$ cat model27.txt   # compact mmCIF, C-alpha atoms
# COMPACT_ATOMS: atom_id res chain seq x y z
CA MET A 1 -130.64 171.57 38.37
CA LYS A 2 -129.58 168.01 37.43
CA LYS A 3 -126.52 168.26 39.69
CA LEU A 4 -128.66 169.58 42.54
CA PHE A 5 -131.00 166.59 42.12
CA ILE A 6 -128.26 163.93 41.81
CA ILE A 7 -126.22 165.01 44.86
CA PRO A 8 -129.03 164.46 47.45
CA PHE A 9 -129.84 161.14 45.81
CA LEU A 10 -126.22 159.96 46.10
CA VAL A 11 -126.08 161.09 49.73
CA PHE A 12 -129.26 159.12 50.47
CA ALA A 13 -127.94 156.01 48.69
CA LEU A 14 -124.63 156.10 50.57
CA THR A 15 -126.42 156.64 53.88
CA ALA A 16 -128.80 153.73 53.24
CA ASN A 17 -125.91 151.48 52.24
CA SER A 18 -123.94 152.39 55.39
CA GLN A 19 -126.79 151.49 57.74
CA VAL A 20 -125.97 148.56 60.03
CA LYS A 21 -128.47 145.70 60.11
CA SER A 22 -128.94 144.19 63.57
CA LEU A 23 -129.10 140.46 63.04
CA THR A 24 -130.40 137.96 65.58
CA LEU A 25 -129.99 134.26 64.91
CA LYS A 26 -133.70 133.96 64.12
CA ASP A 27 -133.44 136.86 61.67
CA ALA A 28 -130.45 135.26 59.98
CA LEU A 29 -132.18 131.88 59.63
CA THR A 30 -135.42 133.38 58.35
CA TYR A 31 -133.57 135.50 55.81
CA ALA A 32 -131.55 132.49 54.62
CA LEU A 33 -134.62 130.31 54.09
CA GLU A 34 -136.18 133.04 51.98
CA ASN A 35 -133.14 134.05 49.96
CA LYS A 36 -130.52 131.29 49.81
CA ALA A 37 -130.28 129.61 46.41
CA ASP A 38 -130.38 126.09 47.89
CA ALA A 39 -133.70 126.76 49.62
CA LYS A 40 -135.16 128.38 46.50
CA LYS A 41 -134.10 125.46 44.29
CA ALA A 42 -135.59 122.95 46.74
CA LYS A 43 -138.93 124.76 46.51
CA LEU A 44 -138.70 124.71 42.71
CA ASP A 45 -138.05 120.95 42.83
CA VAL A 46 -141.28 120.49 44.81
CA GLU A 47 -143.14 122.59 42.26
CA ASN A 48 -141.54 120.64 39.42
CA SER A 49 -142.71 117.34 40.94
CA GLU A 50 -146.31 118.46 40.35
CA TYR A 51 -145.54 118.84 36.66
CA LYS A 52 -144.02 115.35 36.61
CA ILE A 53 -147.25 113.98 38.04
CA GLN A 54 -149.19 115.74 35.30
CA GLU A 55 -146.79 114.32 32.71
CA VAL A 56 -147.34 110.73 33.89
CA ARG A 57 -151.09 111.27 34.26
CA SER A 58 -151.24 112.35 30.61
CA ARG A 59 -150.29 108.81 29.58
CA ALA A 60 -153.60 107.56 31.02
CA LEU A 61 -155.62 110.19 29.15
CA PRO A 62 -156.70 110.08 25.47
CA GLN A 63 -154.00 111.07 23.00
CA ILE A 64 -155.59 113.08 20.18
CA SER A 65 -153.74 114.43 17.16
CA ALA A 66 -154.58 115.99 13.81
CA ASN A 67 -152.65 115.52 10.59
CA GLY A 68 -152.67 116.80 7.06
CA SER A 69 -150.75 116.21 3.85
CA LEU A 70 -150.37 117.46 0.29
CA ASN A 71 -148.51 115.30 -2.25
CA TYR A 72 -147.55 115.74 -5.90
CA ASN A 73 -146.66 112.58 -7.84
CA PRO A 74 -144.76 113.48 -11.02
CA ILE A 75 -144.46 109.79 -11.92
CA LEU A 76 -147.31 107.49 -11.01
CA GLN A 77 -146.62 103.91 -10.12
CA THR A 78 -147.95 101.39 -12.68
CA THR A 79 -149.26 97.90 -12.07
CA VAL A 80 -149.37 95.01 -14.58
CA LEU A 81 -152.85 93.41 -14.87
CA ASP A 82 -154.16 90.32 -16.67
CA GLY A 83 -156.15 91.37 -19.74
CA ASP A 84 -158.74 88.58 -19.11
CA ASN A 85 -160.33 90.83 -16.53
CA PHE A 86 -160.80 93.60 -19.05
CA GLY A 87 -162.15 91.58 -22.06
CA ALA A 88 -158.72 91.15 -23.68
CA PRO A 89 -157.72 87.56 -22.98
CA GLY A 90 -154.12 86.61 -23.57
CA THR A 91 -152.91 90.17 -23.14
CA THR A 92 -151.30 92.15 -20.35
CA ILE A 93 -152.38 95.65 -19.40
CA GLN A 94 -150.06 98.09 -17.66
CA ALA A 95 -152.16 100.59 -15.73
CA ALA A 96 -151.26 103.61 -13.58
CA PHE A 97 -153.10 104.02 -10.29
CA GLY A 98 -153.71 107.25 -8.47
CA GLN A 99 -153.64 110.89 -9.48
CA LYS A 100 -150.92 113.46 -9.90
CA TRP A 101 -152.14 115.35 -6.83
CA SER A 102 -153.49 114.07 -3.53
CA SER A 103 -154.27 115.80 -0.25
CA GLY A 104 -155.58 114.49 3.02
CA ALA A 105 -156.54 115.61 6.52
CA GLY A 106 -157.66 113.66 9.52
CA ILE A 107 -157.80 113.22 13.27
CA SER A 108 -156.73 110.22 15.32
CA LEU A 109 -157.25 109.07 18.89
CA ASN A 110 -155.40 106.57 21.04
CA GLN A 111 -156.55 105.56 24.51
CA ALA A 112 -154.63 103.19 26.80
CA LEU A 113 -157.09 100.67 28.26
CA TYR A 114 -154.63 98.53 30.15
CA ASP A 115 -150.96 99.39 30.69
CA GLN A 116 -149.36 98.33 33.95
CA SER A 117 -146.46 100.77 33.54
CA VAL A 118 -148.88 103.74 33.44
CA PHE A 119 -150.52 102.80 36.74
CA ILE A 120 -147.17 102.25 38.42
CA GLY A 121 -145.88 105.51 36.97
CA LEU A 122 -148.72 107.44 38.61
CA LYS A 123 -147.88 105.99 42.03
CA ALA A 124 -144.17 106.65 41.49
CA ALA A 125 -144.87 110.26 40.47
CA LYS A 126 -146.78 110.94 43.69
CA THR A 127 -143.95 109.37 45.69
CA THR A 128 -141.52 111.61 43.79
CA ARG A 129 -143.46 114.63 45.01
CA GLU A 130 -143.15 113.36 48.59
CA PHE A 131 -139.43 112.76 48.01
CA TYR A 132 -138.88 116.37 46.97
CA GLN A 133 -140.96 117.64 49.88
CA ILE A 134 -138.71 115.75 52.29
CA ASN A 135 -135.66 116.93 50.35
CA GLU A 136 -136.87 120.52 50.73
CA GLN A 137 -137.10 119.99 54.47
CA LEU A 138 -133.60 118.49 54.55
CA THR A 139 -132.23 121.39 52.50
CA GLU A 140 -133.78 123.88 54.92
CA GLU A 141 -132.20 122.04 57.84
CA GLN A 142 -128.81 122.11 56.12
CA VAL A 143 -129.18 125.86 55.49
CA ILE A 144 -130.13 126.40 59.14
CA GLU A 145 -127.13 124.39 60.36
CA ARG A 146 -124.65 126.23 58.13
CA VAL A 147 -126.01 129.67 59.00
CA ALA A 148 -126.15 128.95 62.75
CA ASN A 149 -122.56 127.66 62.80
CA ALA A 150 -121.32 130.64 60.77
CA TYR A 151 -123.32 133.01 62.99
CA TYR A 152 -121.67 131.79 66.18
CA ASN A 153 -118.22 131.79 64.56
CA VAL A 154 -118.68 135.48 63.74
CA TYR A 155 -119.82 136.19 67.29
CA VAL A 156 -116.81 134.48 68.91
CA THR A 157 -114.30 136.14 66.59
CA ARG A 158 -115.85 139.51 67.41
CA GLN A 159 -115.52 138.66 71.09
CA ASN A 160 -111.83 137.93 70.52
CA LEU A 161 -111.56 141.30 68.80
CA SER A 162 -113.19 142.95 71.81
CA VAL A 163 -110.66 141.26 74.10
CA LEU A 164 -107.80 142.63 72.00
CA ASP A 165 -109.34 146.11 72.02
CA ASN A 166 -109.50 146.08 75.82
CA ASN A 167 -105.96 144.73 75.96
CA LEU A 168 -104.78 147.52 73.66
CA ILE A 169 -106.46 150.15 75.84
CA ASN A 170 -104.87 148.78 79.01
CA THR A 171 -101.45 148.42 77.39
CA ASN A 172 -101.63 152.02 76.13
CA LYS A 173 -102.32 153.13 79.70
CA VAL A 174 -99.24 151.26 80.86
CA LYS A 175 -97.25 152.84 78.03
CA ASP A 176 -98.33 156.31 79.15
CA ILE A 177 -97.20 155.53 82.70
CA ILE A 178 -93.82 154.17 81.54
CA LYS A 179 -93.30 157.10 79.17
CA GLY A 180 -93.99 159.52 82.03
CA GLN A 181 -91.53 157.66 84.21
CA PHE A 182 -88.97 157.60 81.41
CA ASP A 183 -89.33 161.34 80.81
CA ASN A 184 -88.70 161.87 84.52
CA GLY A 185 -85.74 159.48 84.55
CA LEU A 186 -87.57 156.86 86.60
CA ALA A 187 -87.78 154.14 83.92
CA LYS A 188 -85.39 152.59 81.45
CA LYS A 189 -85.65 153.02 77.72
CA ILE A 190 -85.74 149.25 77.30
CA ASP A 191 -88.98 149.17 79.29
CA LEU A 192 -90.51 151.79 76.99
CA ASP A 193 -89.27 149.85 73.93
CA ARG A 194 -90.73 146.59 75.27
CA ILE A 195 -94.16 148.13 75.82
CA MET A 196 -94.05 149.70 72.34
CA VAL A 197 -93.27 146.27 70.85
CA LYS A 198 -96.16 144.85 72.86
CA ILE A 199 -98.53 147.49 71.45
CA SER A 200 -97.31 146.82 67.92
CA ASN A 201 -97.89 143.10 68.35
CA ILE A 202 -101.39 143.69 69.70
CA LYS A 203 -102.22 145.94 66.75
CA THR A 204 -100.93 143.31 64.31
CA GLN A 205 -102.92 140.60 66.05
CA ARG A 206 -105.97 142.86 66.09
CA GLN A 207 -105.71 143.44 62.34
CA GLN A 208 -105.51 139.70 61.75
CA VAL A 209 -108.60 139.10 63.88
CA LEU A 210 -110.36 142.01 62.16
CA ASN A 211 -109.66 140.38 58.79
CA ALA A 212 -110.98 137.08 60.16
CA VAL A 213 -114.18 138.87 61.23
CA ASP A 214 -114.63 140.27 57.72
CA LEU A 215 -114.07 136.85 56.13
CA GLN A 216 -116.45 135.10 58.51
CA GLU A 217 -119.10 137.78 58.09
CA ASN A 218 -118.84 137.41 54.32
CA ALA A 219 -119.21 133.64 54.70
CA LEU A 220 -122.28 134.16 56.89
CA LYS A 221 -123.84 136.51 54.33
CA PHE A 222 -123.12 134.00 51.57
CA TYR A 223 -124.81 131.19 53.53
CA MET A 224 -127.77 133.53 54.06
CA GLY A 225 -127.95 134.70 50.45
CA MET A 226 -127.45 138.29 51.67
CA PRO A 227 -125.58 140.92 49.59
CA ILE A 228 -121.95 140.94 50.74
CA GLU A 229 -121.86 144.74 51.06
CA THR A 230 -124.58 144.69 53.76
CA LYS A 231 -123.26 145.73 57.17
CA ILE A 232 -124.44 143.50 60.01
CA GLU A 233 -124.29 143.57 63.80
CA ILE A 234 -124.84 140.58 66.09
CA PRO A 235 -126.39 141.37 69.50
CA ALA A 236 -124.43 139.99 72.47
CA THR A 237 -127.62 138.62 74.05
CA GLU A 238 -127.79 135.96 71.35
CA PHE A 239 -124.91 134.01 72.86
CA GLU A 240 -126.19 132.16 75.89
CA VAL A 241 -125.58 128.75 77.41
CA THR A 242 -128.94 127.00 77.72
CA PRO A 243 -129.57 123.57 79.25
CA GLN A 244 -130.32 120.69 76.91
CA VAL A 245 -132.42 117.57 77.49
CA LEU A 246 -129.97 114.68 77.27
CA PHE A 247 -131.98 111.85 78.73
CA GLU A 248 -133.93 110.38 75.82
CA THR A 249 -132.14 109.05 72.76
CA PRO A 250 -133.95 110.34 69.66
CA ASP A 251 -135.38 107.98 67.07
CA ALA A 252 -132.91 108.13 64.16
CA THR A 253 -135.51 106.68 61.79
CA ALA A 254 -137.56 109.86 62.22
CA ARG A 255 -134.69 112.06 61.01
CA THR A 256 -135.09 113.78 57.66
CA GLU A 257 -131.95 112.15 56.25
CA TYR A 258 -133.32 108.68 57.04
CA GLN A 259 -136.81 109.50 55.77
CA LEU A 260 -135.36 110.74 52.49
CA LEU A 261 -133.56 107.42 52.00
CA LYS A 262 -136.75 105.52 52.85
CA LYS A 263 -138.65 107.49 50.23
CA ASN A 264 -135.87 106.79 47.74
CA GLU A 265 -136.21 103.09 48.59
CA GLN A 266 -139.91 103.32 47.80
CA LEU A 267 -139.10 104.92 44.44
CA LEU A 268 -136.70 102.08 43.66
CA GLU A 269 -139.45 99.58 44.44
CA TYR A 270 -141.71 101.33 41.95
CA GLN A 271 -138.86 101.32 39.45
CA LYS A 272 -138.61 97.55 39.84
CA LYS A 273 -142.37 97.17 39.34
CA SER A 274 -142.17 99.41 36.29
CA VAL A 275 -139.55 97.09 34.79
CA GLN A 276 -141.68 94.05 35.66
CA ALA A 277 -144.60 95.68 33.84
CA ALA A 278 -142.85 94.70 30.60
CA TYR A 279 -144.02 91.14 31.32
CA TYR A 280 -147.68 92.20 31.16
CA PRO A 281 -149.75 92.68 27.98
CA THR A 282 -150.99 96.11 26.95
CA LEU A 283 -154.33 96.98 25.40
CA SER A 284 -155.28 100.23 23.72
CA LEU A 285 -158.16 101.65 21.73
CA ASN A 286 -157.49 103.66 18.59
CA GLY A 287 -159.65 105.43 16.09
CA SER A 288 -159.23 107.77 13.17
CA TYR A 289 -161.26 109.81 10.73
CA ASN A 290 -159.71 111.11 7.49
CA TYR A 291 -160.71 113.05 4.42
CA ILE A 292 -158.76 112.67 1.15
CA GLY A 293 -158.89 114.46 -2.19
CA GLN A 294 -157.28 113.44 -5.51
CA GLY A 295 -157.06 114.92 -8.97
CA PRO A 296 -154.81 115.80 -11.92
CA GLU A 297 -154.34 119.24 -10.34
CA MET A 298 -154.03 120.38 -6.75
CA PRO A 299 -157.42 119.39 -5.31
CA TRP A 300 -157.81 122.22 -2.82
CA PHE A 301 -161.06 124.12 -3.33
CA LYS A 302 -161.86 121.96 -6.37
CA LYS A 303 -164.96 119.92 -7.18
CA PRO A 304 -165.63 116.80 -9.30
CA VAL A 305 -166.40 119.02 -12.27
CA ASP A 306 -162.80 120.21 -11.97
CA GLY A 307 -161.49 116.66 -11.86
CA ALA A 308 -160.96 116.60 -8.08
CA TYR A 309 -162.70 113.95 -6.02
CA TRP A 310 -163.02 114.00 -2.22
CA SER A 311 -163.94 111.10 0.07
CA ASP A 312 -163.74 110.27 3.74
CA TYR A 313 -162.94 107.10 5.64
CA ALA A 314 -162.73 106.07 9.32
CA ALA A 315 -161.39 103.19 11.42
CA ILE A 316 -161.81 102.00 15.01
CA GLY A 317 -159.71 99.22 16.47
CA LEU A 318 -158.10 97.55 19.46
CA ASN A 319 -154.38 96.97 19.74
CA LEU A 320 -153.19 94.11 21.94
CA HIS A 321 -149.50 93.59 22.63
CA VAL A 322 -148.44 90.40 24.42
CA PRO A 323 -144.71 90.05 25.19
CA ILE A 324 -143.46 86.50 24.73
CA PHE A 325 -139.67 86.59 24.66
CA THR A 326 -137.35 89.59 25.09
CA GLY A 327 -134.01 87.83 25.12
CA PHE A 328 -133.89 87.91 28.94
CA GLY A 329 -133.49 91.69 28.80
CA THR A 330 -136.39 92.32 31.18
CA ARG A 331 -135.08 89.75 33.65
CA ALA A 332 -131.68 91.48 33.67
CA LYS A 333 -133.31 94.85 34.40
CA VAL A 334 -135.35 93.36 37.25
CA ARG A 335 -132.18 91.95 38.81
CA GLN A 336 -130.48 95.34 38.50
CA ALA A 337 -133.43 96.89 40.33
CA ASP A 338 -133.10 94.23 43.06
CA ASN A 339 -129.45 95.11 43.55
CA SER A 340 -130.32 98.81 43.83
CA LEU A 341 -132.83 97.98 46.57
CA LYS A 342 -130.26 95.89 48.45
CA SER A 343 -127.75 98.74 48.18
CA ILE A 344 -130.12 101.33 49.62
CA LYS A 345 -130.97 99.02 52.53
CA VAL A 346 -127.26 99.04 53.36
CA ASP A 347 -127.30 102.86 53.15
CA LEU A 348 -130.26 102.97 55.53
CA ALA A 349 -128.46 100.87 58.14
CA GLU A 350 -125.29 102.96 57.75
CA THR A 351 -127.22 106.23 58.00
CA LYS A 352 -128.99 105.15 61.19
CA LEU A 353 -125.65 104.20 62.72
CA ALA A 354 -124.14 107.57 61.71
CA LEU A 355 -127.11 109.50 63.16
CA ASP A 356 -126.87 107.62 66.46
CA LEU A 357 -123.14 108.35 66.54
CA ALA A 358 -123.72 112.05 65.89
CA TYR A 359 -126.15 112.24 68.80
CA GLU A 360 -123.80 110.50 71.23
CA ASN A 361 -120.86 112.69 70.15
CA ALA A 362 -122.95 115.84 70.53
CA LYS A 363 -123.96 114.76 74.05
CA LYS A 364 -120.34 114.18 75.03
CA GLN A 365 -119.30 117.50 73.53
CA ILE A 366 -122.07 119.29 75.42
CA ASP A 367 -120.96 117.76 78.73
CA ASN A 368 -117.30 118.56 78.07
CA SER A 369 -118.07 122.09 76.95
CA ILE A 370 -120.10 122.87 80.08
CA ILE A 371 -117.20 121.74 82.26
CA THR A 372 -114.72 123.73 80.16
CA ILE A 373 -116.89 126.86 80.21
CA SER A 374 -117.14 126.77 83.99
CA SER A 375 -113.40 126.23 84.33
CA GLN A 376 -112.42 128.92 81.82
CA LYS A 377 -114.84 131.43 83.30
CA GLU A 378 -113.23 131.02 86.72
CA ASN A 379 -109.81 131.14 85.10
CA ALA A 380 -110.63 134.41 83.32
CA GLN A 381 -111.89 135.96 86.57
CA LEU A 382 -108.74 134.86 88.37
CA ALA A 383 -106.53 136.21 85.57
CA GLN A 384 -108.34 139.56 85.85
CA GLU A 385 -107.65 139.67 89.58
CA VAL A 386 -103.99 138.80 89.01
CA LEU A 387 -103.67 141.57 86.41
CA THR A 388 -105.32 144.12 88.72
CA ASN A 389 -102.98 143.22 91.59
CA THR A 390 -99.91 143.13 89.34
CA ASN A 391 -100.85 146.52 87.90
CA ASN A 392 -101.12 148.01 91.38
CA ASN A 393 -97.82 146.44 92.41
CA TYR A 394 -96.15 147.75 89.24
CA ALA A 395 -97.40 151.26 89.95
CA GLN A 396 -95.86 150.98 93.42
CA GLY A 397 -92.63 149.51 92.10
CA LEU A 398 -93.28 146.10 93.63
CA ALA A 399 -93.60 144.21 90.32
CA SER A 400 -91.53 144.21 87.16
CA LEU A 401 -92.72 145.07 83.67
CA THR A 402 -92.26 141.42 82.74
CA ASP A 403 -94.71 140.41 85.47
CA LEU A 404 -97.22 142.97 84.18
CA LEU A 405 -96.93 141.84 80.55
CA ASP A 406 -97.21 138.20 81.58
CA ALA A 407 -100.36 138.98 83.53
CA GLU A 408 -101.87 140.76 80.52
CA ASN A 409 -101.05 137.83 78.25
CA ALA A 410 -102.56 135.41 80.72
CA LEU A 411 -105.79 137.41 80.87
CA VAL A 412 -106.08 137.61 77.07
CA GLU A 413 -105.44 133.88 76.77
CA ALA A 414 -107.98 133.07 79.50
CA GLN A 415 -110.65 135.28 77.92
CA ASN A 416 -110.04 133.78 74.46
CA ASN A 417 -110.19 130.28 75.92
CA TYR A 418 -113.52 131.15 77.51
CA THR A 419 -115.05 132.43 74.26
CA THR A 420 -113.65 129.39 72.41
CA ALA A 421 -115.31 127.13 74.98
CA LEU A 422 -118.57 129.00 74.40
CA LEU A 423 -118.23 128.45 70.65
CA ASP A 424 -117.55 124.74 71.15
CA TYR A 425 -120.68 124.54 73.28
CA LYS A 426 -122.89 126.34 70.76
CA LEU A 427 -121.62 124.22 67.87
CA ALA A 428 -122.23 121.07 69.93
CA GLU A 429 -125.67 122.43 70.82
CA ILE A 430 -126.51 122.83 67.13
CA ALA A 431 -125.26 119.30 66.44
CA LEU A 432 -127.42 118.00 69.30
CA ILE A 433 -130.50 119.87 68.10
CA LYS A 434 -129.85 118.51 64.62
CA SER A 435 -129.51 114.94 65.91
CA LYS A 436 -132.90 115.34 67.59
CA GLY A 437 -134.44 116.61 64.35
CA GLU A 438 -135.34 119.96 65.93
CA LEU A 439 -133.28 122.46 63.93
CA LYS A 440 -136.39 124.36 62.89
CA ASN A 441 -137.02 125.15 66.55
CA LEU A 442 -134.23 127.74 66.17
CA LEU A 443 -136.71 129.77 64.13
CA ASN A 444 -139.02 130.16 67.15

$ encode --input "model27.txt" --output "structure tokens"
Amino acid sequence: MKKLFIIPFLVFALTANSQVKSLTLKDALTYALENKADAKKAKLDVENSEYKIQEVRSRALPQISANGSLNYNPILQTTVLDGDNFGAPGTTIQAAFGQKWSSGAGISLNQALYDQSVFIGLKAAKTTREFYQINEQLTEEQVIERVANAYYNVYVTRQNLSVLDNNLINTNKVKDIIKGQFDNGLAKKIDLDRIMVKISNIKTQRQQVLNAVDLQENALKFYMGMPIETKIEIPATEFEVTPQVLFETPDATARTEYQLLKKNEQLLEYQKKSVQAAYYPTLSLNGSYNYIGQGPEMPWFKKPVDGAYWSDYAAIGLNLHVPIFTGFGTRAKVRQADNSLKSIKVDLAETKLALDLAYENAKKQIDNSIITISSQKENAQLAQEVLTNTNNNYAQGLASLTDLLDAENALVEAQNNYTTALLDYKLAEIALIKSKGELKNLLN
């Protein structure tokens, strides 16, 4: 009975695992944003920033603590006193103070009334949350870019594989014709050998491309956070050349990369103010209430009749700290913070320049790719016509086998050049969309 139960289960598991998942670009991007480790960690950073705010806020709230102690003093400290105070002038009395046992318990409170670093810390913590929110957005854009690029690489390599499959089919047809002619004494053995070598080369090339497909699919799954064993299929309708708006230059300062640096600059400004807060005085309120018991024996649960005496005491006070001289340490820290701010301003200018460059390069690549696509498409159509004519001429004995093989090679090369031009266009399209800050539009 166990075997009868296990066998259907294994069949179901193998069938489920062998199912092919149709994957559009939108599906791939959505899956990646939900499952890729980078995107998950970015969300956790945003969540963690809330806890950092709570941590800083706690410094502005009352700090309350309880304490307790139990001490045994095997040797009591003695103090030398003047006997005049005890009716024995001219003598010295050595007296022990305290008891062998003492125990105490109490509660204390400390409340910051004025601390410039706490107020600045609260503002910095909120800015940190905004920083991680922008960083999450940037991480998502990076995930989208990687997945989209990998997606189109897989598509193009599969197209190259399809070209080789068609080439193999056509070459096998030619082989059958030559073999028939050879069997009837109408063709030379060298022609049959040449076509067999051609088929072998195509099969070798096909295996190499097939391996490349597997590697690129695995890379795509990794970028998506998808299990590597999942079988995927990319619909051909996903690969289209769409017009792009190339008239308006986007505002680089609105890009996520630039905004993240601006938020980091704001954090550095708060860091400088936090260092400068060391120049300001601090004021805090503190209070405590304690209860202490003493006696020759452990005073717990004992009363005065047992020799244990309990008493309470309390204190309320203000603590004022005014910095006067710190050995120029604070000044050195402020100057370090100034240098950090100057450095990030340089990064901002460099980043804006790089973003503008990326947009201009993407525009040029788009223009060049459109021209190349049009040219290669016409070239592939012409190569197909040449192959068809050469094939007909070969069947009629008007063309040599060399002419036929050359025509096949030319068609394969033209078709591969066309798909490569399509890939260049799509990669440039992604770069252009990225430079415009619109990568998330790919999810629509």

$ residues_around --input "model27.txt" --residues "range 205-208 of chain A" --least-positions-apart "2" --cutoff "9 Å" --atoms "only C-alpha atoms" --output "list in words"
Asn160, Leu161, Leu164, Asp165, Leu168, Ser200, Asn201, Ile202, Lys203, Leu210, Asn211, Ala212 and Val213 of chain A

$ closest_residue --input "model27.txt" --among "A:Leu443, A:Ile134, A:Ala431, A:Ala88" --to "Thr24 in chain A" --atoms "all atoms listed in the file"
A:Leu443

$ closest_residue --input "model27.txt" --among "A:Val80, A:Gln396, A:Tyr31, A:Tyr270" --to "Val118 in chain A" --atoms "only C-alpha atoms"
A:Tyr270

$ closest_residue --input "model27.txt" --among "A:Arg146, A:Lys21, A:Lys189, A:Lys52" --to "Ala125 in chain A" --atoms "all atoms listed in the file"
A:Lys52

$ residues_near_point --input "model27.txt" --point "(-156.0, 114.9, 4.2)" --cutoff "6 Å" --atoms "all atoms listed in the file" --output "list in words"
Gly68, Ser69, Ser103, Gly104, Ala105, Gly106, Tyr291 and Ile292 of chain A

$ residues_around --input "model27.txt" --residues "Asn389 in chain A" --least-positions-apart "2" --cutoff "12 Å" --atoms "all atoms listed in the file" --output "list in words"
Leu382, Ala383, Gln384, Glu385, Val386, Leu387, Asn391, Asn392, Asn393, Tyr394, Ala395, Gln396, Leu398, Ala399, Asp403, Leu404, Ala407 and Glu408 of chain A

$ residues_around --input "model27.txt" --residues "Thr282 in chain A" --least-positions-apart "3" --cutoff "6 Å" --atoms "only C-alpha atoms" --output "VMD selection string"
chain A and resid 114 to 115 320 to 321

$ atom_distance --input "model27.txt" --atom1 "CA of Asn73 in chain A" --atom2 "CA of Lys303 in chain A"
19.7 Å

$ axis_aligned_box --input "model27.txt" --around "range 152-170 of chain A" --padding-each-side "4 Å" --output "lines of an AutoDock Vina configuration file"
center_x = -113.2
center_y = 141.0
center_z = 71.4
size_x = 24.9
size_y = 26.4
size_z = 23.3

$ closest_residue --input "model27.txt" --among "A:Asp27, A:Asp45, A:Glu265, A:Asp176" --to "Val147 in chain A" --atoms "all atoms listed in the file"
A:Asp27

$ closest_residue --input "model27.txt" --among "A:Lys345, A:Gln381, A:Leu442, A:Leu318" --to "Leu285 in chain A" --atoms "only C-alpha atoms"
A:Leu318

$ closest_residue --input "model27.txt" --among "A:Thr249, A:Gln266, A:Phe325, A:Lys126" --to "Leu357 in chain A" --atoms "only C-alpha atoms"
A:Thr249

$ atom_distance --input "model27.txt" --atom1 "CA of Leu186 in chain A" --atom2 "CA of Gly397 in chain A"
10.5 Å
